[in-house]
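Heads up, the thing below is written out as structure tokens.
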Amino acid sequence: MSRNNGMDRRQLLKLAGLSAAGLGLTAAGCGSGGSGSGGPVTIRHSWWGADDRAKKIQQCVGLFEKKHPKIKVKTDFQQYPDFWKKFNTQAAGGNPPDVIQNAVTFLRKYEAKNVLLDLRPQVDKGNLDLGGFRSGLEKFAEIDGKLLGVPVGSNSMALVIDEKVYEKAGITPEIGWTWDDWLAGLQKIKSGQKIAGDAGPHGVMYLYDLILRQNGKAFFTEDGMGFGEAELLPYWTEALERVKSGLYADPNKVEQLKPASATAKGLSAGEFTWDNFSVRYSAEGKSSYGLAPIPSTDGKKTGQYLGSLMLSGTARTKHPAEVATFISFMTHDPEVARIMGYDRGVPATTAQFEAFQPTDAPSKAIGAYETAIADAGVLEPITPHPAGADVIEAAFLRIGADLALGKTSPKDSVKQFFSEAKTALASN
Amino acid sequence: MTHIHTSPGVLDAGDGRSVTKGNGPGGTAPPAAPKRPDRRENVAGYLFMSPWIAGFLFLIAGPMVFSLYLSFTEYNLFEAPRWIGLQNFTDMFADPRWRQSVEVTSWYVLIGTPIKLAAALAVAMLLAQKRWGQSFYRAAFYAPSLIGASVSAAIVWRALFSDDAIVDRTQKAFGFEAGGWIGDPAMIIYALIALTVWQFGAPMVIFLAGLKQVPRELYEAAEVDGAGPWRRFFHITLPMISPVLFFNVLLETIHSFQIFGSAYIVSNGSCGPADATLVYTCYLYEQGFVNSRMGFASAMGWLLLVAVGLVTAVLFWSQKRWVHYEEGGR
């Protein structure tokens with residue numbers, strides 16, 4: 001029977017192989033034709049955050065795809081430290097996502113390595129709208145004339161406090177209060193309610209930057225460190241004393257709670273962090289939480305600036321126009337603001353700022369806080385962050401924690417920090 | 001008769017054919033003929049091996065050679081590697097965090113491995129005795145090492161040893177207000193050691209096999225001579241299973257040097273607190289993927305390889321003194 005068909009097993013296999021190859025060819029043909037001539041284009045967007053942000057971003061993407069049916073957006077997210085590990089690997093391998101969430105700490109690092117896309121040509125082509133940004137945010141990600149990102153929201157450092165504890169202690173933090181007022185408050189809280197006044201601010205780089213700025217310095221200059229051992233040693237010596245005396249929370253316990261917040265878990269009456277982080281406190285803790293202004297040295301200058309999350313394109317992208325369209329949508333569309341709320345900070349454009357009217361207490365407090373500091377006129381321009389700033393921030397946090405745990409002396413900690421900072425600046 | 005006559009003839013014919021085919025060089029057939037099937041067989045062999053060969057070249061040998069090159073360079077993933085000679089190695093010895101990582105890893109290997117092997121041997125001896133439900137117990141004790149290497153076990157471990165978790169509460173019940181082990185730089189390494197000891201299943205199974213090989217008569221003879229259980233253990237059991245013990249020591253030591261996953265997860269990705277779980281590979285990973293110092297990380301990797309090689313060599317050298325092989329059993 002098979003002889004009659006004139007085909008044996010080997011021939012059959014050959015035929016099968018040929019047709020498979022043919023299928024492969026036609027499939028490849030389809031693919032290349034599709035992306036070339038106005039067919040649907042897929043761009044990848046990755047960002048850091050948690051599940052609630054994932055849901056919101058997915059909603060925004062759905063909306064975007066409906067309005068721009070020829071652009072598909074694939075999303076991907078990790079926790080903050082894992083995000084950069086993955087991005088480094090992808091970018092080094094020549095396959096970074098098209099659009100990433102970004103922050104000022106990373107701008108120079110990746111600009112020096114030609115990883116980020118200059119969005120300026122897309123503005124000129126009309127794919128990216130730079131109008132309507134709130135004041136202080138327009139030129140946020142401009143470096144050497146290149147536009148390396150667009151802010152999606154603004155935030156500022158604040159002191160998150162457990163309102164019930166502060167109320168019981170009879171302390172009402174107001175704009176214009178000083179570090180002495182703050183310290184007196186911590187002592188009152190400790191003696192009156194047997195709880196630490198602060199979670200321990202000595203490892204928070206962004207707060208120390210403010211303290212330096214209040215004293216006419218800054219954490220970073222454009223290409224290096226803006227301070228020396230003479231500034232840091234007394235700061236960390238003092239911090240260790242406060243840990244020992246119980247003014248700052250027990251570092252052993254703070255360490256184990258991570259990634260939960262020490263203040264939300266009732267270990268301390270307050271802690272310094274970004275104002276938009278306060279949204280998570282009521283979810284994590286049992287008390288009510290508010291935002292207090294940053295204390296200052298002279299009662300006036302807080303050194304504060306608006307920080308921000310931004311969206312950047314990557315230089316390897318094959319679809320810069322679509323990348324710009326997506327970024328423009330995420331920063332301007334009012335519907336996006338209603339979905340995202342203050343999750344990534346207070347929206348950066350006036351259109352989005354007005355579109356979202358917060359109804360929940362934490363968001364209302366953030367809005368009020370940012371209005372208050374803007375009205376108080378304390379906002380200054382941000383200091384530049386050199387390449388390697390991300391590694392330095394991590395080292396500051398880690399060595400600050402080591403110090404509090406009693407592993408190293410303040411003197412050795414300071415030495416270790418500057419030695420690691422030097423390496424980070426040299427190798428990034 | 002006819003039968004006897006014909007058979008040698010058939011045999012001859014068969015022999016003649018086999019000579020021309022098989023014993024080529026000495027045979028009458030042309031010498032090229034017999035080689036052809038050999039070559040074809042070789043090609044087929046290599047073809048079947050090719051996935052492995054390709055995998056070895058591209059996934060193991062290639063990257064290894066490249067990383068050896070990188071270990072003499074400064075390489076941040078983005079710019080071309082820059083040759084700096086032995087700088088990475090000298091930097092390493094000057095780096096207090098690197099020294100910390102060596103210290104933590106040595107501590108982990110020196111404390112964890114003997115306890116793990118002792119636990120494995122003790123349980124193997126219990127399970128070697130015949131008793132009811134023996135196979136259930138064997139499976140139950142082996143189970144942790146099946147799931148042991150997984151991320152989930154490390155997460156559970158973190159939960160067990162955290163502040164106000166079950167270990168902490170048990171301590172409190174006995175009057176120690178020590179707090180959880182995870183946040184305590186002095187204690188967290190013991191949580192890791194406990195995790196590795198808990199996974200003694202694999203060496204236990206090997207010990208079990210070794211214990212089965214010890215001849216019963218030796219124990220009977222010793223008992224008759226009045227040797228107690230300890231004497232029997234040290235003078236019969238240990239020497240008799242010393243080859244198996246050697247194998248386990250070697251394997252577990254190498255394994256311990258490579259600890260990464262459990263340290264990384266139990267410390268929540270920080271290798272902390274206060275670098276207390278900064279094992280060697282954890283620091284290597286941080287330097288490579290967080291600080292973008294791939295050259296430095298490669299150098300660390302090669303040094304680890306050399307160190308493990310040295311320890312293995314020392315163990316092999318030492319076996320002459322304490323490993324006993326049965327006469328003719330090698």
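Just remember, in the structure tokens the first chain shown is A, the second B, etc., residues are 1-based per chain, and ligands are 1-based in the order shown.
The protein and nucleic acid residues lying at most 8 Å from stretch 349-356 of chain A are Gly132, Phe133, Arg134, Val152, Thr331, His332, Asp333, Pro334, Glu335, Val336, Ala337, Arg338 and Gly341 of chain A, with only C-alpha atoms considered and sequence neighbours fewer than 4 positions away removed.
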Please produce, as CSV, a per-residue contact table for stretch 275-357 of chain A versus stretch 176-196 of chain A (criterion: any atom at most 12 Å away, only C-alpha atoms considered), showing the nearest atom pair and its distance in Å to one decimal, sorted by chain then residue number.
```
residue,atom,partner,partner_atom,distance
A:Ala292,CA,A:Trp177,CA,10.0
A:Pro293,CA,A:Trp177,CA,8.1
A:Ile294,CA,A:Trp177,CA,8.0
A:Pro295,CA,A:Thr178,CA,4.7
A:Ser296,CA,A:Thr178,CA,4.7
A:Thr297,CA,A:Thr178,CA,5.5
A:Asp298,CA,A:Thr178,CA,6.7
A:Gly299,CA,A:Gly176,CA,4.5
A:Lys300,CA,A:Gly176,CA,5.7
A:Lys301,CA,A:Gly176,CA,8.5
A:Thr302,CA,A:Gly176,CA,8.6
```
Using only C-alpha atoms, tabulate the residues of chain A lying at most 8 Å from any atom of chain B, each with its closest atom pair and that distance in Å to one decimal, by chain and increasing residue number, as a tab-separated table.
```
residue	atom	partner	partner_atom	distance
A:Trp84	CA	B:Val290	CA	7.5
A:Lys85	CA	B:Phe289	CA	5.6
A:Asn88	CA	B:Phe289	CA	7.3
A:Thr89	CA	B:Phe289	CA	7.6
A:Ala91	CA	B:Phe78	CA	7.9
A:Ala92	CA	B:Leu77	CA	5.4
A:Lys113	CA	B:Phe78	CA	6.2
A:Asn252	CA	B:Gly183	CA	4.9
A:Lys253	CA	B:Gly183	CA	6.3
A:Val254	CA	B:Gly183	CA	7.9
A:Glu255	CA	B:Gly183	CA	5.4
A:Gln256	CA	B:Gly183	CA	4.8
A:Val391	CA	B:Asn291	CA	6.0
A:Arg398	CA	B:Ala274	CA	7.3
A:Ile399	CA	B:Ala274	CA	7.6
A:Ala401	CA	B:Ala274	CA	6.7
A:Asp402	CA	B:Ala274	CA	4.4
A:Leu405	CA	B:Ala274	CA	7.0
A:Lys407	CA	B:Ala274	CA	6.6
A:Ala424	CA	B:Asn291	CA	7.2
A:Ser427	CA	B:Asn76	CA	6.9
A:Asn428	CA	B:Asn76	CA	6.8
```
Quick one: residues within 12 Å of A:Thr42, only C-alpha atoms, excluding same-chain residues fewer than 2 positions away - as a PyMOL selection string? chain A and resi 31+34-35+38-40+44-45+65+68-75+97-99+317-323+326
Per-residue DSSP, stretch 213-423 of chain A, filtered to helix (DSSP H, G or I), as a PyMOL selection string: chain A and resi 213-214+229-244+251-257+275-284+320-332+334-340+350-355+361-376+389-404+410-423
Run DSSP on the backbone and grab whatever in stretch 136-361 of chain A lands in strand (DSSP E or B); send it over as a PyMOL selection string. chain A and resi 142-143+146-147+150-155+157-162+178+196+198+220+225+248+268+270-274+289-292+296+307-314+343+345-347+349
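Between atom CA of B:Gly85 and atom CA of B:Tyr69 the separation is 9.8 Å.
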From the options B:Leu195, B:Phe316, B:Glu103, B:Phe136, which residue's atoms come nearest to B:Val156, counting only C-alpha atoms?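 Answer, going by the shortest atom-to-atom distance: B:Leu195.
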Can you measure atom CA of A:Ser312 to atom CA of A:Ile327 for me? One decimal in Å is fine.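 Going from atom CA of A:Ser312 over to atom CA of A:Ile327, I get 7.9 Å.
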Report the distance between atom CA of A:Val165 and atom CA of A:Ser363 in Å, rounded to one decimal place. 20.9 Å
